[in-house]
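Colleague: This is the structure, below, for whatever I ask next.
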Amino acid sequence: MGWRTGLAQQQRWYFGQWLVGRGSPHLYFSKRQPLSRSVQRFAEDPKKKLTRELSSATSAQAVLSVLEQEEMSNLNEVHIGAAFTRLARNKRDFTSAVRESPVLRKLTARLQQMMDAEGGLPARQCANVFWSMASLQSETPELQELLPRLIENAKFTAPDMAAQEVSNIVWACARSNLGSSQLKNLLPPILERLVDRADELIPQAISNCIWSSAKLKADAPEILEVMPVLMEMASEKALDFGAQDLSNIIWSMATLREEMPELQEILPALLMALPKRVGTLEAQAVANVVWSFGVLKVGDLAGDDVLGSLAKQGTSIIKKFSPQQLGNAAFGLALLGFKDAQFMSATAAQAVASAPNWSKKDMSMNLPVITWAFAIMKMPDSALLASTAKHLTPDRLAKELKRRKLSPQDIERSQMG
């Protein structure tokens, strides 16, 4: 008998209790209600349950713990895709125990079996695994041995891939250590599918594909052939780009300034979207945008308001800047001739405080760049100069100043002499 037959009957039959509180009254029943048929079907399907558990795992170890309870032969393509995707998304907690786990080895063996079977992995799972391998290449270099099989699998399933899946493959190509021959083997069907599905690309996917094109310009220059299509999509969706998306595309403009100068044609559209996103830019994004503006010499187009907001955002998160990011940002502002006293002062303070912990490479590459930026903008900082003198030999500094074409007058005016 249902609840619509009356509250009194409910209380008499089910021993319900009123729950006091706001809104409509609720009843707690001592008699457990049966599960709906749909819930029963889901609960009775171990494959769906396994997919759910894998997809909701919050750590790499949790993924392996779920798999440890299963026979690897029972894993299907969906399970494989979900497992590797969750491992990649939780790569920050990849411990030696995870890396050396026999469960991970068994999972990899199961993946190999599926790719060796007729038909291999379906398009979606193939793209997910490809993306995961690219993300995990530092944590699990042994997975790179499967790349030749995965490449053939991706070529075979490319015509069935959705827009997001194709963009994941393109991004993975840029992140993986694929050789030129491997890229030339894989990219033609992938790029053909990318053009076919370009209208369906979301803003992040457009940004990732443009960024990947810039990264692959030397090893796979043919990827630049799809840039006109990506530019059209970027122009249409410029206002929908997130902070990282904008940073990626602007960096790509600077990186491709010789190979694809026409990419800069969409910069005005991006500059309309940038002001609302500046406050959410992370350190690397701020450095990349400022560096790119400097290299492209677009200070006038960007305008003082945008440059000032970039400097303000950089100042607020200066402690998150890496040595290279400090160097790139200072270098970009110097090329632009944009003097922001607060940002440059914060840059000098951060460089002085963190320099003792820098690697030799950072010390030799980035400290001279920062010092050069202060010199070219005629903004002396005594603490930075003292740190430079302490950490760099005169010969090394002299070579860098010569390479930067600083005159004796520049050096004297900046107190570097």
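Residues in the structure tokens are named by chain (A, B, ... in the order shown) and by number from 1 within that chain; ligands are numbered from 1 in the order shown.
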With a cut-off of 12 Å, could you pull out the residues of range 240-327 of chain A touching range 360-365 of chain A and give me the nearest pair of atoms for each, distance in Å to one decimal, using only C-alpha atoms, ordered by chain and ascending number, as a tab-separated table?
Modeller:
residue	atom	partner	partner_atom	distance
A:Ser322	CA	A:Asp362	CA	9.3
A:Pro323	CA	A:Asp362	CA	6.2
A:Gln324	CA	A:Asp362	CA	6.9
A:Gln325	CA	A:Asp362	CA	10.5
A:Leu326	CA	A:Asp362	CA	10.5
A:Gly327	CA	A:Met365	CA	8.5
Colleague: Mind listing the helix (DSSP H, G or I) residues of range 82-192 of chain A, per DSSP on the backbone, as a count of residues only?
Modeller: 89
Colleague: Determine, counting only C-alpha atoms, which protein, DNA and RNA residues have an atom within 8 Å of an atom of Leu87 in chain A; residues of the same chain fewer than 6 positions away are not included. Present the result as a list in words.
Modeller: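 That gives Ser59, Ala60, Val63 and Ser132 of chain A.
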Colleague: Write the residues of the selection above to a file with C-alpha atoms, as a PDB file, in the first residue's frame.
Modeller:
ATOM      1  CA  SER A  59      44.749   7.822  -6.105  1.00  0.00           C
ATOM      2  CA  ALA A  60      47.010   5.611  -8.174  1.00  0.00           C
ATOM      3  CA  VAL A  63      43.224   2.113  -8.820  1.00  0.00           C
ATOM      4  CA  SER A 132      47.406   8.427 -20.412  1.00  0.00           C
TER       5      SER A 132
END
Colleague: If we count only C-alpha atoms and set the cut-off at 12 Å, which residues sit around range 300-309 of chain A, ignoring sequence neighbours fewer than 3 positions away in its own chain? Please answer as number ranges by chain.
Modeller: A: 250, 264-265, 267-281, 286-287, 289-294, 296-297, 312-316, 329, 332-333, 336-343
Colleague: Keeping N, CA and C atoms, export the residues of the selection given above as a tab-separated table (two decimals), in the first residue's frame.
Modeller:
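Okay, again_21.tsv is ready:
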chain	number	residue	atom	x	y	z
A	250	ILE	N	48.69	32.14	-27.23
A	250	ILE	CA	49.60	33.29	-27.35
A	250	ILE	C	51.05	32.81	-27.39
A	264	GLN	N	49.08	35.14	-35.80
A	264	GLN	CA	48.94	36.36	-35.01
A	264	GLN	C	47.70	37.17	-35.38
A	265	GLU	N	47.05	36.80	-36.47
A	265	GLU	CA	45.85	37.53	-36.89
A	265	GLU	C	44.71	37.39	-35.89
A	267	LEU	N	45.14	37.44	-32.64
A	267	LEU	CA	45.52	38.04	-31.37
A	267	LEU	C	44.51	39.10	-30.90
A	268	PRO	N	44.01	39.98	-31.78
A	268	PRO	CA	43.02	40.96	-31.29
A	268	PRO	C	41.81	40.31	-30.64
A	269	ALA	N	41.35	39.21	-31.20
A	269	ALA	CA	40.20	38.50	-30.60
A	269	ALA	C	40.56	37.96	-29.22
A	270	LEU	N	41.78	37.45	-29.08
A	270	LEU	CA	42.21	36.92	-27.78
A	270	LEU	C	42.38	38.03	-26.76
A	271	LEU	N	42.85	39.18	-27.21
A	271	LEU	CA	43.05	40.30	-26.29
A	271	LEU	C	41.72	40.82	-25.74
A	272	MET	N	40.64	40.57	-26.44
A	272	MET	CA	39.32	40.94	-25.91
A	272	MET	C	38.91	40.02	-24.76
A	273	ALA	N	39.40	38.79	-24.81
A	273	ALA	CA	39.05	37.81	-23.77
A	273	ALA	C	40.01	37.84	-22.59
A	274	LEU	N	41.24	38.29	-22.82
A	274	LEU	CA	42.29	38.18	-21.80
A	274	LEU	C	42.02	38.95	-20.52
A	275	PRO	N	41.56	40.21	-20.57
A	275	PRO	CA	41.40	40.98	-19.32
A	275	PRO	C	40.56	40.27	-18.25
A	276	LYS	N	39.52	39.56	-18.65
A	276	LYS	CA	38.67	38.88	-17.68
A	276	LYS	C	39.33	37.62	-17.13
A	277	ARG	N	40.40	37.17	-17.75
A	277	ARG	CA	41.05	35.93	-17.34
A	277	ARG	C	42.37	36.16	-16.60
A	278	VAL	N	42.89	37.37	-16.65
A	278	VAL	CA	44.22	37.63	-16.08
A	278	VAL	C	44.30	37.22	-14.62
A	279	GLY	N	43.26	37.49	-13.87
A	279	GLY	CA	43.27	37.20	-12.44
A	279	GLY	C	43.35	35.73	-12.10
A	280	THR	N	43.14	34.85	-13.07
A	280	THR	CA	43.22	33.41	-12.83
A	280	THR	C	44.44	32.77	-13.48
A	281	LEU	N	45.29	33.58	-14.11
A	281	LEU	CA	46.50	33.04	-14.72
A	281	LEU	C	47.46	32.53	-13.65
A	286	VAL	N	51.40	33.49	-16.85
A	286	VAL	CA	51.80	34.90	-16.84
A	286	VAL	C	53.13	35.06	-17.56
A	287	ALA	N	54.10	34.23	-17.20
A	287	ALA	CA	55.43	34.32	-17.81
A	287	ALA	C	55.36	34.08	-19.31
A	289	VAL	N	52.79	34.51	-21.40
A	289	VAL	CA	52.12	35.60	-22.11
A	289	VAL	C	53.03	36.82	-22.22
A	290	VAL	N	53.68	37.19	-21.12
A	290	VAL	CA	54.56	38.36	-21.13
A	290	VAL	C	55.74	38.12	-22.07
A	291	TRP	N	56.34	36.94	-21.99
A	291	TRP	CA	57.45	36.59	-22.89
A	291	TRP	C	57.00	36.67	-24.34
A	292	SER	N	55.83	36.13	-24.63
A	292	SER	CA	55.33	36.11	-26.01
A	292	SER	C	55.06	37.51	-26.52
A	293	PHE	N	54.45	38.35	-25.70
A	293	PHE	CA	54.21	39.73	-26.11
A	293	PHE	C	55.52	40.44	-26.43
A	294	GLY	N	56.54	40.17	-25.61
A	294	GLY	CA	57.84	40.80	-25.85
A	294	GLY	C	58.47	40.33	-27.15
A	296	LEU	N	56.98	39.06	-29.73
A	296	LEU	CA	56.16	39.49	-30.87
A	296	LEU	C	56.13	41.01	-31.04
A	297	LYS	N	56.64	41.72	-30.03
A	297	LYS	CA	56.66	43.18	-30.07
A	297	LYS	C	55.25	43.76	-30.26
A	312	LYS	N	50.65	42.94	-12.38
A	312	LYS	CA	50.01	42.89	-11.05
A	312	LYS	C	49.74	41.45	-10.64
A	313	GLN	N	49.21	40.64	-11.57
A	313	GLN	CA	48.95	39.24	-11.26
A	313	GLN	C	50.25	38.51	-10.96
A	314	GLY	N	51.28	38.79	-11.75
A	314	GLY	CA	52.58	38.15	-11.51
A	314	GLY	C	53.15	38.51	-10.15
A	315	THR	N	53.00	39.76	-9.76
A	315	THR	CA	53.50	40.20	-8.45
A	315	THR	C	52.79	39.46	-7.32
A	316	SER	N	51.50	39.25	-7.47
A	316	SER	CA	50.71	38.62	-6.41
A	316	SER	C	51.07	37.15	-6.21
A	329	ALA	N	59.55	36.22	-17.79
A	329	ALA	CA	58.70	37.39	-17.55
A	329	ALA	C	59.52	38.67	-17.57
A	332	GLY	N	60.53	39.41	-21.15
A	332	GLY	CA	59.44	39.93	-21.95
A	332	GLY	C	59.16	41.40	-21.66
A	333	LEU	N	59.12	41.77	-20.39
A	333	LEU	CA	58.87	43.17	-20.04
A	333	LEU	C	59.99	44.06	-20.54
A	336	LEU	N	59.51	44.71	-24.14
A	336	LEU	CA	58.37	45.62	-24.32
A	336	LEU	C	58.68	47.03	-23.84
A	337	GLY	N	59.74	47.16	-23.04
A	337	GLY	CA	60.05	48.45	-22.45
A	337	GLY	C	59.02	48.90	-21.44
A	338	PHE	N	58.36	47.93	-20.82
A	338	PHE	CA	57.30	48.23	-19.86
A	338	PHE	C	57.87	48.10	-18.45
A	339	LYS	N	58.04	49.22	-17.79
A	339	LYS	CA	58.65	49.24	-16.47
A	339	LYS	C	57.56	49.19	-15.40
A	340	ASP	N	57.47	48.08	-14.74
A	340	ASP	CA	56.56	47.95	-13.61
A	340	ASP	C	57.41	47.74	-12.36
A	341	ALA	N	57.53	48.79	-11.57
A	341	ALA	CA	58.44	48.77	-10.43
A	341	ALA	C	58.11	47.67	-9.43
A	342	GLN	N	56.83	47.46	-9.18
A	342	GLN	CA	56.44	46.45	-8.19
A	342	GLN	C	56.81	45.05	-8.66
A	343	PHE	N	56.51	44.75	-9.91
A	343	PHE	CA	56.82	43.41	-10.40
A	343	PHE	C	58.33	43.19	-10.45
Colleague: What is the CA of Lys49 in chain A to CA of Leu67 in chain A distance in Å?
Modeller: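 These two atoms are separated by 12.1 Å.
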Colleague: Using only C-alpha atoms, which residues sit within 12 Å of range 198-200 of chain A once same-chain residues fewer than 6 positions away are excluded, as a list in words?
Modeller: Met161, Ala162, Ala163, Gln164, Glu165, Val166, Ser167, Ile190, Leu191, Glu192, Ile206, Cys209, Val226, Met227, Pro228, Val229, Leu230, Met231, Glu232, Met233, Ala234, Glu236 and Lys237 of chain A
Colleague: Quote the spacing between CA of Glu118 in chain A and CA of Asn153 in chain A in Å to one decimal place.
Modeller: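 Separating CA of Glu118 in chain A from CA of Asn153 in chain A is a distance of 10.2 Å.
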Colleague: Which one of A:Ala386, A:Val369, A:Arg52, A:Ala127 sits closest to Arg403 in chain A if you count only C-alpha atoms?
Modeller: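 Checking each candidate against Arg403 in chain A, we get A:Val369 as the closest.
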Colleague: Please determine, counting only C-alpha atoms, which residue among A:Met114, A:His391, A:Glu53, A:Ala88 has the shortest atom-to-atom distance to Trp358 in chain A.
Modeller: A:His391
Colleague: Would you mind listing what lies within 10 Å of Ser345 in chain A as a compact mmCIF listing (two decimals) with N, CA and C atoms, in the first residue's frame, with only C-alpha atoms counted and same-chain residues fewer than 4 positions away left out?
Modeller:
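In the end it all went to result-v8.txt:
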# COMPACT_ATOMS: atom_id res chain seq x y z
N THR A 315 53.00 39.76 -9.76
CA THR A 315 53.50 40.20 -8.45
C THR A 315 52.79 39.46 -7.32
N ASP A 340 57.47 48.08 -14.74
CA ASP A 340 56.56 47.95 -13.61
C ASP A 340 57.41 47.74 -12.36
N ALA A 341 57.53 48.79 -11.57
CA ALA A 341 58.44 48.77 -10.43
C ALA A 341 58.11 47.67 -9.43
N ALA A 349 63.63 40.31 -5.61
CA ALA A 349 63.59 39.73 -4.27
C ALA A 349 63.45 38.21 -4.32
N GLN A 350 62.59 37.72 -5.21
CA GLN A 350 62.40 36.27 -5.33
C GLN A 350 63.65 35.60 -5.87
N ALA A 351 64.31 36.22 -6.83
CA ALA A 351 65.53 35.65 -7.39
C ALA A 351 66.63 35.59 -6.33
N PHE A 374 66.99 43.94 -15.98
CA PHE A 374 67.12 45.12 -15.14
C PHE A 374 68.04 46.14 -15.79
N MET A 379 66.89 49.78 -14.38
CA MET A 379 66.25 49.68 -13.07
C MET A 379 67.20 48.93 -12.13
N PRO A 380 68.20 49.59 -11.59
CA PRO A 380 69.19 48.91 -10.76
C PRO A 380 68.60 48.36 -9.47
N ASP A 381 69.12 47.21 -9.07
CA ASP A 381 68.72 46.59 -7.80
C ASP A 381 69.98 46.04 -7.16
N LEU A 384 70.10 42.29 -6.12
CA LEU A 384 70.21 41.39 -7.27
C LEU A 384 71.62 41.40 -7.83
Colleague: What's the 9 Å shell around Leu187 in chain A, counting only C-alpha atoms, without same-chain residues fewer than 5 positions away, as JSON, numbers by chain?
Modeller: {"A": [155, 170, 173, 182, 192, 220, 222, 223]}
Colleague: Using only C-alpha atoms, pick whichever of A:Leu111, A:Asn168, A:Val298, A:Lys320 has the shortest atom-to-atom distance to Leu201 in chain A.
Modeller: A:Asn168
